[in-house]
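A.B. asks: Quick one: this structure, given as structure tokens, is what I'll be asking you about.
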2 protein chains.
Amino acid sequence: MKITASLAAAAAACAFAAPASAQFAKPEDAIKYRQSALSVMGQHFGRLGAMASGRAPFDAKAAADNADVLATVSKLPWAGFGPGTDKGRDTRAKPEIWTDQAKFKEAQDRLLAEMPKLIAAAKSGSLDNLKSAFGPASQACKNCHDNFRKE
Amino acid sequence: MKITASLAAAAAACAFAAPASAQFAKPEDAIKYRQSALSVMGQHFGRLGAMASGRAPFDAKAAADNADVLATVSKLPWAGFGPGTDKGRDTRAKPEIWTDQAKFKEAQDRLLAEMPKLIAAAKSGSLDNLKSAFGPASQACKNCHDNFRKE
């Protein structure tokens with residue numbers, strides 16, 4: 001990987017407020033990374049959702065643990081959507097991610113604004129707090145999926 | 001998902017020292033989860049390795065950021081190796097994971113003992129510290145792959 005490519009990737013990562021420099025050797029690595037990070041995120045988000053909806057019993061310790069994981073993992077996927085990562089591996093990412101970057105960034109920002117509220121609620125020990133915060137966070141996920149993920 | 005299945009999954013999670021209750025609806029979900037978590041872990045581990053080996057320039061901030069991600073993500077995959085998750089989705093996991101659980105647990109423990117040392121080194125701001133800690137951590141990854149992952 002050339003230094004210039006590395007710098008470009010790092011710049012792209014900064015643009016998406018990634019916590020670590022993006023250093024993907026190939027677009028397929030970035031795609032696999034974002035898919036993996038979103039998958040882990042979805043699993044832990046889903047566990048909070050199961051509690052919020054009553055499908056699983058509320059467990060304050062588990063809610064707090066899931067929140068801790070989400071605090072880290074929710075920041076990761078976005079670095080994997082850098083320039084040139086629209087192709088290279090099977091992906092449901094829509095071209096609009098790269099053709100309308102401002103709107104995609106807005107969708108990310110909406111999620112990233114909801115996450116601290118969800119995390120705080122999930123760590124509060126109150127199911128009511130979790131229920132209140134889960135809806136808007138879930139809508140932020142859905143907003144991005146509706147606009148930027150293929151069926 | 002039945003409550004009994006949920007409790008069994010939670011018990012399995014505890015056995016593997018998972019930070020959050022394992023609540024996988026299906027074995028394939030657990031397999032996808034562990035593969036995703038290992039993939040994210042490998043990416044961030046690899047970034048530290050690139051610095052430790054000189055393939056990438058040392059960047060103290062990036063090293064610390066990668067360490068922060070690893071502190072969370074390195075704890076996740078193990079909950080995905082619960083009972084009955086040897087099949088359900090393409091996997092390179094060897095049957096020995098389930099037939100020799102003590103040895104698999106030992107391999108996990110070895111990695112989880114190295115991770116805090118690697119994380120501390122990566123956050124110390126010293127490339128020499130990172131170099132010293134990366135080797136043993138990398139050997140702990142390899143030990144598990146050699147024994148429990150198919151070619």
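Naming scheme: A, B, ... for chains in displayed order of the structure tokens; residues 1 onward per chain; ligands 1 onward as shown.
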Which residues, written as a list in words, have at least one atom at most 7 Å from Tyr33 of chain B, with only C-alpha atoms counted and residues fewer than 3 positions away on the same chain left out?
C.D. replies: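 Residues meeting the cut-off are Ser39 and Val40 of chain A; Asp29, Ala30, Ser36, Ala37 and Gly80 of chain B.
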A.B. asks: Next, dump the selected residues to file, keeping only all heavy atoms, as a PDB file, in the first residue's frame.
C.D. replies:
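Okay, result.pdb is ready:
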ATOM      1  N   SER A  39     -22.651  -5.720  11.456  1.00  0.00           N
ATOM      2  CA  SER A  39     -23.255  -6.969  11.920  1.00  0.00           C
ATOM      3  C   SER A  39     -23.138  -7.102  13.447  1.00  0.00           C
ATOM      4  O   SER A  39     -24.110  -7.438  14.127  1.00  0.00           O
ATOM      5  CB  SER A  39     -22.563  -8.141  11.212  1.00  0.00           C
ATOM      6  OG  SER A  39     -23.029  -9.358  11.701  1.00  0.00           O
ATOM      7  N   VAL A  40     -21.960  -6.810  13.967  1.00  0.00           N
ATOM      8  CA  VAL A  40     -21.761  -6.857  15.424  1.00  0.00           C
ATOM      9  C   VAL A  40     -22.646  -5.809  16.097  1.00  0.00           C
ATOM     10  O   VAL A  40     -23.323  -6.072  17.098  1.00  0.00           O
ATOM     11  CB  VAL A  40     -20.277  -6.641  15.787  1.00  0.00           C
ATOM     12  CG1 VAL A  40     -20.097  -6.499  17.302  1.00  0.00           C
ATOM     13  CG2 VAL A  40     -19.427  -7.805  15.272  1.00  0.00           C
TER      14      VAL A  40
ATOM     15  N   ASP B  29     -26.591 -17.315  13.409  1.00  0.00           N
ATOM     16  CA  ASP B  29     -26.391 -15.955  13.922  1.00  0.00           C
ATOM     17  C   ASP B  29     -25.124 -15.880  14.778  1.00  0.00           C
ATOM     18  O   ASP B  29     -24.374 -14.902  14.721  1.00  0.00           O
ATOM     19  CB  ASP B  29     -27.583 -15.502  14.766  1.00  0.00           C
ATOM     20  CG  ASP B  29     -28.862 -15.393  13.956  1.00  0.00           C
ATOM     21  OD1 ASP B  29     -28.781 -15.367  12.714  1.00  0.00           O
ATOM     22  OD2 ASP B  29     -29.946 -15.356  14.566  1.00  0.00           O
ATOM     23  N   ALA B  30     -24.929 -16.925  15.576  1.00  0.00           N
ATOM     24  CA  ALA B  30     -23.734 -16.972  16.432  1.00  0.00           C
ATOM     25  C   ALA B  30     -22.476 -17.068  15.569  1.00  0.00           C
ATOM     26  O   ALA B  30     -21.464 -16.419  15.847  1.00  0.00           O
ATOM     27  CB  ALA B  30     -23.817 -18.161  17.384  1.00  0.00           C
ATOM     28  N   SER B  36     -17.777 -11.993  12.306  1.00  0.00           N
ATOM     29  CA  SER B  36     -17.741 -10.529  12.169  1.00  0.00           C
ATOM     30  C   SER B  36     -16.843  -9.904  13.231  1.00  0.00           C
ATOM     31  O   SER B  36     -16.025  -9.026  12.929  1.00  0.00           O
ATOM     32  CB  SER B  36     -19.158  -9.960  12.284  1.00  0.00           C
ATOM     33  OG  SER B  36     -19.970 -10.431  11.231  1.00  0.00           O
ATOM     34  N   ALA B  37     -16.994 -10.359  14.451  1.00  0.00           N
ATOM     35  CA  ALA B  37     -16.185  -9.796  15.535  1.00  0.00           C
ATOM     36  C   ALA B  37     -14.701 -10.103  15.325  1.00  0.00           C
ATOM     37  O   ALA B  37     -13.837  -9.240  15.527  1.00  0.00           O
ATOM     38  CB  ALA B  37     -16.665 -10.339  16.884  1.00  0.00           C
ATOM     39  N   GLY B  80     -19.768 -16.438  20.640  1.00  0.00           N
ATOM     40  CA  GLY B  80     -20.335 -17.027  19.427  1.00  0.00           C
ATOM     41  C   GLY B  80     -19.941 -18.474  19.186  1.00  0.00           C
ATOM     42  O   GLY B  80     -20.293 -19.046  18.147  1.00  0.00           O
TER      43      GLY B  80
END
A.B. asks: Dump as a ChimeraX atom specification the residues of chain A that approach chain B to within 10 Å, counting only C-alpha atoms.
C.D. replies: /A:1-3,6,18-24,29-30,32-44,46-47,50,55-57,59,61-73,75-77
A.B. asks: Kindly give the distance, in Å, that separates atom CA of Gly49 of chain B and atom CA of Asn143 of chain B, rounded to a single decimal.
C.D. replies: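 These two atoms are separated by 16.5 Å.
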A.B. asks: Excluding Pro136 of chain B and residues on its chain fewer than 5 positions from it, collect all residues at most 9 Å away from it, counting only C-alpha atoms, and give them as an MDAnalysis selection string.
C.D. replies: chainID B and resid 111 114 118 141
A.B. asks: Applying 12 Å and only C-alpha atoms, which residues near Glu151 of chain A remain after dropping the ones on its own chain fewer than 6 positions away? List them as a count of residues only.
C.D. replies: 5
A.B. asks: Please identify which residues in chain B DSSP calls alpha helix (DSSP H) from the backbone, and express them as an NGL selection string.
C.D. replies: :B and (3-15 or 27-52 or 60-73 or 96-99 or 101-122 or 127-148)
A.B. asks: Take atom CA of Lys117 of chain A and atom CA of Lys103 of chain A and report the distance between them in Å, one decimal.
C.D. replies: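 That distance, rounded to one decimal, is 22.1 Å.
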A.B. asks: Which residue gives the smallest distance to Phe134 of chain B among B:Met115, B:Asn147, B:Gln101, B:Phe58, with only C-alpha atoms counted?
C.D. replies: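 Selected residue with least distance to Phe134 of chain B: B:Met115.
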